[in-house]
Amino acid sequence: MFWPSLVSLYILPLLIVVVITACRRFPFIAGSLLAIGWFSVFYSLLMSWSTDEYGKALNIEGEIVSLVSSNRDWISVDIILLGLNSPQIGQSKMRLFWQKPPTVSVGQRWLLTIEPKPITSILNQGGFNQQKYFLAKHIIAKGSVISAELITDNPSYRAQLIAQLKPVLKSYSSGDLILALVSGDRSLITKARWQELRSSGAGHLFAISGLHLSVVSMWLLLLARLILYRLVPINSRRNWLICLLLAGIGAIFYGYLAGFAVSTQRALVMLVGFIAFSALSRYSSSWERLLYALFIILVIDPLSILSASFWLSFSALAIILLTVSRVNSLTSIASTTVLTPEAESDNQLVKQAPNQSYFKLSKIKLYSGLKMFWAVQWRLTIAVGIIQAIFFAGTSVTSLFVNMLLVPWFSFVLIPISLLSLVSFMAFTALGLSGYWLFELSALLMEPVVAILKVTTEFSFSWLVISDELLAVLLVASISCFLIVNIKSTHWRLVLSVMLLPLILYGGFRLYSPVMNNRWLVHVLDVGQGLTVVIEQNKRAVIYDTGARYGESFSYAERALQPFLISRGITDVDYLVVSHSDNDHAGGVNYMLANYPNVKVIADFSLLKSNTDEPLSSSEKAFQRSSNKNLSHNKPVSQSEYSNKPDITCRPNKLDWQHLRLDFIAPNQPQKGNNGSCVIRVSDSSNSLLLTGDIEKQVELALVAKGKSLQSRLLIAPHHGSNTSSTAEFIDAVAPELVVFPAGFNNRYGFPKQKVVERYQQRNISALTTGVEGQVSIIFNQKSMQVRTYRADFAPFWYNQVFRFGQMQNPE
């Protein structure tokens, strides 16, 4: 996961020679090299689809494997590439966006004409890495469907079953959860429900994994054993082997219904291995089966290591095995003590008081079982919580309480009843009968689960956001506690305590008592074809623009800006500057006002309304709506509690903030459009930044003519690098050392324009583009200026490279 690049296939023969040579004397080295070679080969074969065809319409053949989402007149689907030109390994996929589609279903094969696009995504600290996510799912490209022709419509049994279940379960308030539990299909789960599952820490209960497969196998094994041993008693092992076979078949079928997800594969391999070893009368430890599962999954799909579910599932099972082995050893010692006390012979206590001894043993077993359950849950809460924080910048605080209640309920009640309802439904459907009423009991038993999810979500502290610094402190503290507890040597315990305690204390001090200094940072976030700049000092921030919003479901303020603030540990946003009302700059105003109600807004929205007869833009309306509400509670308030005007306008003025000076340079009067952008110069005694919004040639020349103080070490390029901006006179007046173009990769406008880039290069001015570099951060410390980018510095890993095989746009 941390390699800067994968191994070239040209040195693969050398790797093979080294592996063969070292396999006997150095098996670990040989195995590692073999793994490196296989990973590189797998990735190369997966991405072997010819790139020469990109940049124009393609005809492809594919099978729909997932209906991802839908909205009004378009859908998003994942397809497996088929045909002679498609990769023959790993089931390479594409994600397609289909406007006004016909009726589609999983399992259909289509001949499609598509417009291909790259999978390169926005990359910022704390944000969701869609590029990494796509690679883990074997999605090698995106595309828009131009035309389509249905070839075959032969859906799998799972697809047919899910299609039959959906209309039945939609009638229940908890139908989305039941569908996920019995078939692994989560398409009915809404965004609000996902929020409940995340906040409560109960999401794993609806991802078919070891718990679910174990419950199914256990019940099948018990039922088969009860029936066979009563109806056809026999002294041989035949009945036991039949019971094991039925339990294995049931688990495999349940895994099939779940779509063989990573967590399902891991649990299934372990369970089938246990059944096989039992049938062969061969002992295998739980750790051995875990390693078998890990080996098989990584051979089948090495890219699964990029998936959060891979780390969550295997880490959770490792924690369970550690806990069970530890508690079992203590239980064994306690049982031995009861049977063989010091004052008695080996069996004397049993002979004299068998009932008393049996009662004591039962009590010990019950106590040990409860102790083990508690130990597993709190260890899982800590370990899985830290892994969640690494991947999702937060963790559930209520998960321990929720799992203590729901795990037994699922194991002994909900899973068996729900699967019994599913089997009955399948039988009724096969006979042509209606089985819509068969899930009534399952829905009733799911109601307590829904109630618990709602209650925990109402707590404001149910989801704890964790910054990168806090996560580092938690990791060090957790590793320290684990080592100190498990190391037997008192001497080494003392050494570890002395070494690690100052580090933990220092981290905690930095978190809650940041040192006031003159060091300040400018972060230009990667928000596609938009702009968001965060000025950070002493864990406080000024935000310049918020990026775009598309519909009600997507906002860069939610997907990029807020996660970035969380990762940096910034809770106080003092000022929100909205340069102008275009969506790519002001689309997230409403979201930021709702989540940071104390922020002071610097904008011209209300003044624009009073000085023109034109209707408000969508961003202006969002600002007005948000101003008319108590944002912390989202309830209407009285007229005296709000104002339609921003806190500060963009008129030429000065503002002091955190030892920095903010000079508002333009506009002199409110003006609609790009040339009404709020131009601000931020500076200290040695360093400076110029924020220009989308100003164009006319404003640039006017600022130069008026002799405005524009000189700055860092310039955020006007209008994303358009030909209408960055005039030679303006560049000479600013004379920056670095210019950053806030432009999305492969954007349809071709920003930044090549002529504009050359204009800066001719003056020996370094240039960076957010769509290529990801987030760009500049650190000003006294007279120094250090530049860090996401792809080169924060996460310089192979899967974060720019995948340039998509549709390329030539600059105009």
# chains A, B, ... in the order shown; residues from 1 in each chain; ligands from 1
>>> closest_atom_pairs(of="region 393-465 of chain A", to="region 216-226 of chain A", cutoff="10 Å", atoms="only C-alpha atoms", output="CSV")
residue,atom,partner,partner_atom,distance
A:Ser411,CA,A:Val216,CA,9.2
A:Phe412,CA,A:Trp219,CA,9.6
A:Ile415,CA,A:Val216,CA,8.0
A:Pro416,CA,A:Val216,CA,7.2
A:Leu419,CA,A:Val216,CA,8.4
>>> residues_around(residues="Gly676 (chain A)", least_positions_apart="2", cutoff="10 Å", atoms="only C-alpha atoms", output="ChimeraX atom specification")
/A:579-581,604,608,650,666-674,678-679,693-696,699
>>> closest_residue(among="A:Phe730, A:Trp110, A:Phe277, A:Phe461", to="Val65 (chain A)", atoms="only C-alpha atoms")
A:Trp110
>>> select_by_dssp(residues="region 97-304 of chain A", states="strand (DSSP E or B)", output="ChimeraX atom specification")
/A:97-99,108-117,139-153
>>> write_last_selection(atoms="N, CA and C atoms", output="PDB file, in the first residue's frame")
ATOM      1  N   PHE A  97     -22.470   5.987 -16.567  1.00  0.00           N
ATOM      2  CA  PHE A  97     -23.563   6.904 -16.247  1.00  0.00           C
ATOM      3  C   PHE A  97     -24.487   6.949 -17.459  1.00  0.00           C
ATOM      4  N   TRP A  98     -25.744   6.629 -17.211  1.00  0.00           N
ATOM      5  CA  TRP A  98     -26.687   6.348 -18.291  1.00  0.00           C
ATOM      6  C   TRP A  98     -27.889   7.270 -18.139  1.00  0.00           C
ATOM      7  N   GLN A  99     -28.040   8.195 -19.087  1.00  0.00           N
ATOM      8  CA  GLN A  99     -29.150   9.135 -19.031  1.00  0.00           C
ATOM      9  C   GLN A  99     -30.361   8.586 -19.792  1.00  0.00           C
ATOM     10  N   GLN A 108     -27.993  -8.560 -17.232  1.00  0.00           N
ATOM     11  CA  GLN A 108     -28.181  -8.264 -18.652  1.00  0.00           C
ATOM     12  C   GLN A 108     -26.840  -7.997 -19.337  1.00  0.00           C
ATOM     13  N   ARG A 109     -26.753  -8.409 -20.602  1.00  0.00           N
ATOM     14  CA  ARG A 109     -25.571  -8.122 -21.419  1.00  0.00           C
ATOM     15  C   ARG A 109     -25.956  -7.110 -22.488  1.00  0.00           C
ATOM     16  N   TRP A 110     -25.123  -6.071 -22.623  1.00  0.00           N
ATOM     17  CA  TRP A 110     -25.421  -4.975 -23.539  1.00  0.00           C
ATOM     18  C   TRP A 110     -24.229  -4.733 -24.464  1.00  0.00           C
ATOM     19  N   LEU A 111     -24.551  -4.303 -25.677  1.00  0.00           N
ATOM     20  CA  LEU A 111     -23.553  -3.750 -26.583  1.00  0.00           C
ATOM     21  C   LEU A 111     -23.690  -2.243 -26.485  1.00  0.00           C
ATOM     22  N   LEU A 112     -22.654  -1.582 -25.968  1.00  0.00           N
ATOM     23  CA  LEU A 112     -22.749  -0.176 -25.590  1.00  0.00           C
ATOM     24  C   LEU A 112     -21.785   0.677 -26.390  1.00  0.00           C
ATOM     25  N   THR A 113     -22.239   1.854 -26.735  1.00  0.00           N
ATOM     26  CA  THR A 113     -21.359   2.884 -27.272  1.00  0.00           C
ATOM     27  C   THR A 113     -21.194   3.918 -26.168  1.00  0.00           C
ATOM     28  N   ILE A 114     -19.953   4.107 -25.734  1.00  0.00           N
ATOM     29  CA  ILE A 114     -19.725   4.966 -24.574  1.00  0.00           C
ATOM     30  C   ILE A 114     -18.697   6.041 -24.887  1.00  0.00           C
ATOM     31  N   GLU A 115     -18.723   7.074 -24.065  1.00  0.00           N
ATOM     32  CA  GLU A 115     -17.683   8.111 -24.065  1.00  0.00           C
ATOM     33  C   GLU A 115     -16.833   7.882 -22.818  1.00  0.00           C
ATOM     34  N   PRO A 116     -15.607   7.360 -22.974  1.00  0.00           N
ATOM     35  CA  PRO A 116     -14.813   6.969 -21.799  1.00  0.00           C
ATOM     36  C   PRO A 116     -14.238   8.167 -21.054  1.00  0.00           C
ATOM     37  N   LYS A 117     -14.009   7.956 -19.768  1.00  0.00           N
ATOM     38  CA  LYS A 117     -13.425   8.980 -18.906  1.00  0.00           C
ATOM     39  C   LYS A 117     -12.462   8.302 -17.931  1.00  0.00           C
ATOM     40  N   ILE A 139     -12.522  -1.369 -10.962  1.00  0.00           N
ATOM     41  CA  ILE A 139     -13.099  -0.428 -11.924  1.00  0.00           C
ATOM     42  C   ILE A 139     -11.943   0.352 -12.548  1.00  0.00           C
ATOM     43  N   ILE A 140     -11.709   0.136 -13.843  1.00  0.00           N
ATOM     44  CA  ILE A 140     -10.530   0.713 -14.490  1.00  0.00           C
ATOM     45  C   ILE A 140     -10.854   1.962 -15.303  1.00  0.00           C
ATOM     46  N   ALA A 141     -12.128   2.295 -15.454  1.00  0.00           N
ATOM     47  CA  ALA A 141     -12.509   3.485 -16.221  1.00  0.00           C
ATOM     48  C   ALA A 141     -13.964   3.819 -15.929  1.00  0.00           C
ATOM     49  N   LYS A 142     -14.320   5.053 -16.245  1.00  0.00           N
ATOM     50  CA  LYS A 142     -15.712   5.498 -16.188  1.00  0.00           C
ATOM     51  C   LYS A 142     -16.158   5.837 -17.605  1.00  0.00           C
ATOM     52  N   GLY A 143     -17.450   6.062 -17.754  1.00  0.00           N
ATOM     53  CA  GLY A 143     -17.928   6.408 -19.077  1.00  0.00           C
ATOM     54  C   GLY A 143     -19.386   6.822 -19.081  1.00  0.00           C
ATOM     55  N   SER A 144     -19.774   7.535 -20.115  1.00  0.00           N
ATOM     56  CA  SER A 144     -21.166   7.931 -20.317  1.00  0.00           C
ATOM     57  C   SER A 144     -21.728   7.155 -21.503  1.00  0.00           C
ATOM     58  N   VAL A 145     -22.902   6.602 -21.321  1.00  0.00           N
ATOM     59  CA  VAL A 145     -23.521   5.790 -22.370  1.00  0.00           C
ATOM     60  C   VAL A 145     -24.129   6.702 -23.430  1.00  0.00           C
ATOM     61  N   ILE A 146     -23.737   6.470 -24.678  1.00  0.00           N
ATOM     62  CA  ILE A 146     -24.305   7.221 -25.800  1.00  0.00           C
ATOM     63  C   ILE A 146     -25.473   6.458 -26.412  1.00  0.00           C
ATOM     64  N   SER A 147     -25.277   5.165 -26.659  1.00  0.00           N
ATOM     65  CA  SER A 147     -26.341   4.314 -27.184  1.00  0.00           C
ATOM     66  C   SER A 147     -26.119   2.900 -26.671  1.00  0.00           C
ATOM     67  N   ALA A 148     -27.191   2.090 -26.720  1.00  0.00           N
ATOM     68  CA  ALA A 148     -27.081   0.738 -26.160  1.00  0.00           C
ATOM     69  C   ALA A 148     -28.021  -0.208 -26.885  1.00  0.00           C
ATOM     70  N   GLU A 149     -27.587  -1.459 -26.985  1.00  0.00           N
ATOM     71  CA  GLU A 149     -28.396  -2.515 -27.584  1.00  0.00           C
ATOM     72  C   GLU A 149     -28.335  -3.748 -26.690  1.00  0.00           C
ATOM     73  N   LEU A 150     -29.502  -4.216 -26.265  1.00  0.00           N
ATOM     74  CA  LEU A 150     -29.568  -5.375 -25.383  1.00  0.00           C
ATOM     75  C   LEU A 150     -29.221  -6.641 -26.156  1.00  0.00           C
ATOM     76  N   ILE A 151     -28.271  -7.418 -25.626  1.00  0.00           N
ATOM     77  CA  ILE A 151     -27.869  -8.673 -26.263  1.00  0.00           C
ATOM     78  C   ILE A 151     -28.612  -9.849 -25.650  1.00  0.00           C
ATOM     79  N   THR A 152     -28.471 -10.010 -24.352  1.00  0.00           N
ATOM     80  CA  THR A 152     -29.177 -11.090 -23.651  1.00  0.00           C
ATOM     81  C   THR A 152     -29.697 -10.571 -22.319  1.00  0.00           C
ATOM     82  N   ASP A 153     -30.785 -11.151 -21.897  1.00  0.00           N
ATOM     83  CA  ASP A 153     -31.365 -10.818 -20.598  1.00  0.00           C
ATOM     84  C   ASP A 153     -31.543 -12.117 -19.823  1.00  0.00           C
TER      85      ASP A 153
END
>>> closest_atom_pairs(of="region 276-320 of chain A", to="region 236-248 of chain A", cutoff="10 Å", atoms="only C-alpha atoms", output="CSV")
residue,atom,partner,partner_atom,distance
A:Ala276,CA,A:Leu244,CA,8.4
A:Ser278,CA,A:Leu244,CA,8.2
A:Ala279,CA,A:Leu241,CA,6.1
A:Leu280,CA,A:Leu241,CA,9.5
>>> closest_residue(among="A:Cys23, A:Ile535, A:Ile364, A:Ile648", to="Leu691 (chain A)", atoms="only C-alpha atoms")
A:Ile535
>>> closest_residue(among="A:Ile119, A:Ile452, A:Leu710, A:Leu169", to="Leu96 (chain A)", atoms="only C-alpha atoms")
A:Ile119
